[in-house]
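First comes the structure, then the notes that go with it.
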Amino acid sequence: MADRGALPDVQRRSAAWWQDKVAQGLVLIGGVSAIVLILAIFIFVAQEGLGFLLKDLDLVEFFTSPAWRPTSDEPEYGILALMAGTASVTGLAMLIAVPFSLGAAIYIGEFATGRTREVLKVLVELLAAIPSVVWGFIGLSIMNPLIIDVFDVPVGLSVLNAGVILGLMAAPIMTTIAEDALKAVPDGYREAAEALGATRWQVIFKVVLPSAKNGLVAAILLGVGRGFGETMAVLMATGHSVNIPTSPFDSVRAMTATIAAELGETAQGSPHYQVLFSIGIMLFLVTFVINMAADVFVRGGFKLKGKRK
Amino acid sequence: MASKQPRRLAIESKGLSLWYGDFQALFDVDLKIREGKITSLIGPSGCGKSTFLRSINRINERHSYVRTEGTVEVFGEDVMGEDVELVQVRRQVGMVFQRPNALPISIADNVMFGYELHTAAKPSRFERDNLIEESLKRVLLWDQVKDRLGDVATSLSLEEQQKLCIARLLPLKPSVLLMDEPCSALDPKATAAVEDLIWELRGEYSILIVTHNMAQARRASDECIFMLMGKVIEHTKTEDMFLTPENQATADYIEGRYG
């Protein structure tokens, strides 16, 4: 035994010390590789598309022409119609998904109790796990004839079809995030309002929703990002025809679906190949901005400092 | 406010028993809380004092597994009945919580929150400003916040938030104020300030205050109730309780032998 007061072997390193170092190393590799991979993807996409985008491509035509004829003798690379397709489908999807998912989140978070709540949460998470090709399948084989029957239109693959499908696809993840935001509202706020005589709806509308505002906006933005980037279901349900829609029954084509459908049939390095990568860059930038915005809103927290409106 | 007229009872419970699921938290509690006085509820953790307090405005029913028997009357009106409008009860019976729970809206909106819930007509600018000023002055907060009424209330110190929590009850003109350990989250200086304020409100409001702090009960209340294991052990004037407790359990608790 060491003398009283003397330090034991101060330089001895136990197994736990090595364990600690190894774990640190592994976690570091994990973290760094995520960043490296993202950068690598961005560089790859930029390399393939950016040169063409900046040099050969007529940017005015690219953004303002509705004509997408990459394989004709005089190819035209206008993505206006594709952007309109993506925007119209995503927009309709959000019109459907926002009320649905907020309603579901409010019900699960504020009203449902015990078993009902647990079952609902699991079901919503299950819905989020349905592969997009299955949703596309539903769009093709169920929604398509349904729309033709109900609205008496010649084609059922349209903005309406894809919007509904995409809305249903985005709703579960939006519900989950929105519910997390509601759950993060301190219960003391609800209790305070109730003790002042607020009814349940008053508590929700005047206290819970305003406090959870940032998280709810983030949930919606993530839904928009999901809709924007969705490919397979949109490819299957829109009808995939280049068109600026004037009614919900028009077929459209989305930017993502265009890349998916055409990239495999182009010669590597050809203008067509490169212009598809340019669309990829566009998508990348837009989803990046949407996700950043969502992130900013989440971080916004309760910083409502400042003057009365 | 030593008026000679016989005062009414602010709160009267008769045979109040309460269960959380299978656990019985209150046993046959009979209590009379007098109007215009400060009555403090003391007792060790889990003795049912908060439960009793929280059953007067029925805020404990937020958890659906609560079951009660017996009656609670506030100024003679039964508040436990099936057809009682909770919203009206809570308008009459204000509550201050252990942790200051100012809402994350502006200071001014906090003061007006309850009032606006219960008043269909929007108050005029003048009325509104008056109510805010009056309420904040009453809780001795006006001077600190008058220049930043639009700031979010959660940026205030805990002491100021707790005062604000009291202030926002006042526009509703409640008759009873329930306080659930209102100073336990505050430092000694803030505690003294809030206690002074509570003493200041004495007479105008009937105040029932749960506290863990024996010294607080002793210096800041007219009457004192000692509870143990869900039962009322002793209910007397505060000075009597601390000088000559009738019950041995009370004496032991006051002297700090348990709790």
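Chain identifiers are assigned as A, B, and so on, following the order in which chains appear in the structure tokens; residues are numbered from 1 within each chain, and ligands are numbered from 1 in order of appearance.
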
Discussion item. Counting only C-alpha atoms, a student should be able to say which residues of chain B come within 10 Å of chain A; what is the right answer, written as an NGL selection string?
Written reply: :B and (54 or 57-60 or 62 or 64 or 85-109 or 113-118 or 148-155 or 165 or 168-169 or 172)

Could you save the residues just selected, with C-alpha atoms, as a PDB file, in the first residue's frame?
```
ATOM      1  CA  ARG B  54     -55.158  22.131  -6.610  1.00  0.00           C
ATOM      2  CA  ASN B  57     -59.766  25.287  -8.846  1.00  0.00           C
ATOM      3  CA  ARG B  58     -59.811  21.672 -10.010  1.00  0.00           C
ATOM      4  CA  ILE B  59     -56.574  22.108 -11.909  1.00  0.00           C
ATOM      5  CA  ASN B  60     -55.556  18.636 -10.727  1.00  0.00           C
ATOM      6  CA  ARG B  62     -55.868  17.880 -15.934  1.00  0.00           C
ATOM      7  CA  SER B  64     -57.747  12.328 -15.966  1.00  0.00           C
ATOM      8  CA  GLU B  85     -68.374  25.694 -15.502  1.00  0.00           C
ATOM      9  CA  LEU B  86     -64.705  25.289 -14.735  1.00  0.00           C
ATOM     10  CA  VAL B  87     -63.927  28.407 -16.708  1.00  0.00           C
ATOM     11  CA  GLN B  88     -66.040  30.481 -14.302  1.00  0.00           C
ATOM     12  CA  VAL B  89     -64.505  28.836 -11.249  1.00  0.00           C
ATOM     13  CA  ARG B  90     -61.006  29.597 -12.456  1.00  0.00           C
ATOM     14  CA  ARG B  91     -61.913  33.165 -13.141  1.00  0.00           C
ATOM     15  CA  GLN B  92     -62.875  33.572  -9.472  1.00  0.00           C
ATOM     16  CA  VAL B  93     -60.036  31.494  -8.127  1.00  0.00           C
ATOM     17  CA  GLY B  94     -56.623  32.571  -9.317  1.00  0.00           C
ATOM     18  CA  MET B  95     -53.568  30.392  -8.972  1.00  0.00           C
ATOM     19  CA  VAL B  96     -49.850  31.009  -8.661  1.00  0.00           C
ATOM     20  CA  PHE B  97     -47.538  28.088  -9.269  1.00  0.00           C
ATOM     21  CA  GLN B  98     -44.308  26.860  -7.816  1.00  0.00           C
ATOM     22  CA  ARG B  99     -42.258  27.688 -10.859  1.00  0.00           C
ATOM     23  CA  PRO B 100     -43.087  31.067 -12.329  1.00  0.00           C
ATOM     24  CA  ASN B 101     -44.936  30.222 -15.513  1.00  0.00           C
ATOM     25  CA  ALA B 102     -45.190  33.502 -17.344  1.00  0.00           C
ATOM     26  CA  LEU B 103     -46.223  32.794 -20.916  1.00  0.00           C
ATOM     27  CA  PRO B 104     -43.687  33.402 -23.704  1.00  0.00           C
ATOM     28  CA  ILE B 105     -45.566  36.473 -24.916  1.00  0.00           C
ATOM     29  CA  SER B 106     -45.045  40.123 -24.061  1.00  0.00           C
ATOM     30  CA  ILE B 107     -45.338  41.383 -20.501  1.00  0.00           C
ATOM     31  CA  ALA B 108     -48.421  43.390 -21.423  1.00  0.00           C
ATOM     32  CA  ASP B 109     -50.063  40.410 -23.137  1.00  0.00           C
ATOM     33  CA  PHE B 113     -54.179  37.083 -21.091  1.00  0.00           C
ATOM     34  CA  GLY B 114     -56.793  35.960 -18.598  1.00  0.00           C
ATOM     35  CA  TYR B 115     -58.887  39.093 -18.999  1.00  0.00           C
ATOM     36  CA  GLU B 116     -59.078  38.651 -22.738  1.00  0.00           C
ATOM     37  CA  LEU B 117     -60.065  35.011 -22.391  1.00  0.00           C
ATOM     38  CA  HIS B 118     -63.094  36.001 -20.385  1.00  0.00           C
ATOM     39  CA  ARG B 148     -40.443  47.426 -21.784  1.00  0.00           C
ATOM     40  CA  LEU B 149     -44.006  46.178 -21.679  1.00  0.00           C
ATOM     41  CA  GLY B 150     -43.532  44.721 -25.145  1.00  0.00           C
ATOM     42  CA  ASP B 151     -40.610  42.518 -24.163  1.00  0.00           C
ATOM     43  CA  VAL B 152     -41.176  38.818 -23.893  1.00  0.00           C
ATOM     44  CA  ALA B 153     -42.066  37.987 -20.299  1.00  0.00           C
ATOM     45  CA  THR B 154     -39.736  35.027 -20.029  1.00  0.00           C
ATOM     46  CA  SER B 155     -36.788  37.429 -20.221  1.00  0.00           C
ATOM     47  CA  CYS B 165     -47.940  35.723 -12.609  1.00  0.00           C
ATOM     48  CA  ARG B 168     -52.155  38.664 -14.538  1.00  0.00           C
ATOM     49  CA  LEU B 169     -54.731  37.285 -12.114  1.00  0.00           C
ATOM     50  CA  LEU B 172     -60.084  39.120 -13.593  1.00  0.00           C
TER      51      LEU B 172
END
```

Discussion item. As an MDAnalysis selection string, please: the residues near B:Asp240 (cut-off 9 Å, only C-alpha atoms, same-chain neighbours under 6 positions excluded).
Written reply: chainID B and resid 223:224 246

Item to complete: Tell me which protein, DNA and RNA residues are within 9 Å of A:Ile220, counting only C-alpha atoms, leaving out same-chain ones fewer than 6 positions away, and put them as a list in words.
Response: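 With the cut-off at 9 Å, the set is Met94, Ala97, Val98, Met174, Ile177, Ala178 and Ala294 of chain A.
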
Item to complete: Find the spatial neighbours of B:Ile132, counting only C-alpha atoms, within a cut-off of 10 Å - ignore same-chain residues fewer than 2 positions away - and output them as a list in words.
Response: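 Using only C-alpha atoms, the neighbours found are Ile107, Ala108, Asp109, Asn110, Val111, Met112, Phe126, Glu127, Arg128, Asp129, Asn130, Glu134, Ser135, Leu136, Lys137, Arg138, Trp142, Lys146, Leu149, Ala167, Arg168, Leu170 and Pro171 of chain B.
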
Item to complete: Using DSSP on the backbone coordinates, identify all residues within stretch 86-252 of chain B classified as strand (DSSP E); present the result as JSON, numbers by chain.
Response: {"B": [93, 94, 95, 96, 176, 177, 178, 179, 180, 206, 207, 208, 209, 210, 223, 224, 225, 226, 227, 228, 231, 232, 233, 234, 235, 236, 237]}

Worksheet entry | Length of the atom CA of B:Thr68 to atom CA of B:Ile166 vector [Å] |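 Atom CA of B:Thr68 sits 27.9 Å away from atom CA of B:Ile166.
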
Practice prompt. From stretch 2-111 of chain A, collect each residue whose DSSP state is helix (DSSP H, G or I) and return the set as number ranges by chain.
Written response: A: 15-54, 59-64, 80-111

Practice prompt. Show which residues sit within 9 Å of B:Ile38, as a ChimeraX atom specification. Count only C-alpha atoms, and ignore same-chain residues fewer than 3 positions away.
Written response: /B:33-35,198-199,202-203,205-209,220-224

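Comparing the minimum interatomic distances between A:Asp250 and each of A:Ile148, A:Leu127, A:Val10, A:Val159, counting only C-alpha atoms, we find that A:Val159 sits nearest.
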
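Minimum atom-to-atom distance to B:Leu164, evaluated using only C-alpha atoms, belongs to B:Glu133 out of B:Asp252, B:Glu73, B:Glu133, B:Asp147.
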
Item to complete: Using only C-alpha atoms, pick whichever of A:Trp201, A:Leu140, A:Ser241, A:Ile96 has the shortest atom-to-atom distance to A:Pro66.
Response: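 With only C-alpha atoms as the atom set, the closest residue is A:Ser241.
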
Practice prompt. Have a look at A:Thr238, A:Gly223, A:Asp149, A:Thr176 and name the one nearest to A:Asn291; count only C-alpha atoms.
Written response: A:Gly223

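Counting from atom CA of A:Leu146, the distance to atom CA of A:Asn161 is 9.6 Å.
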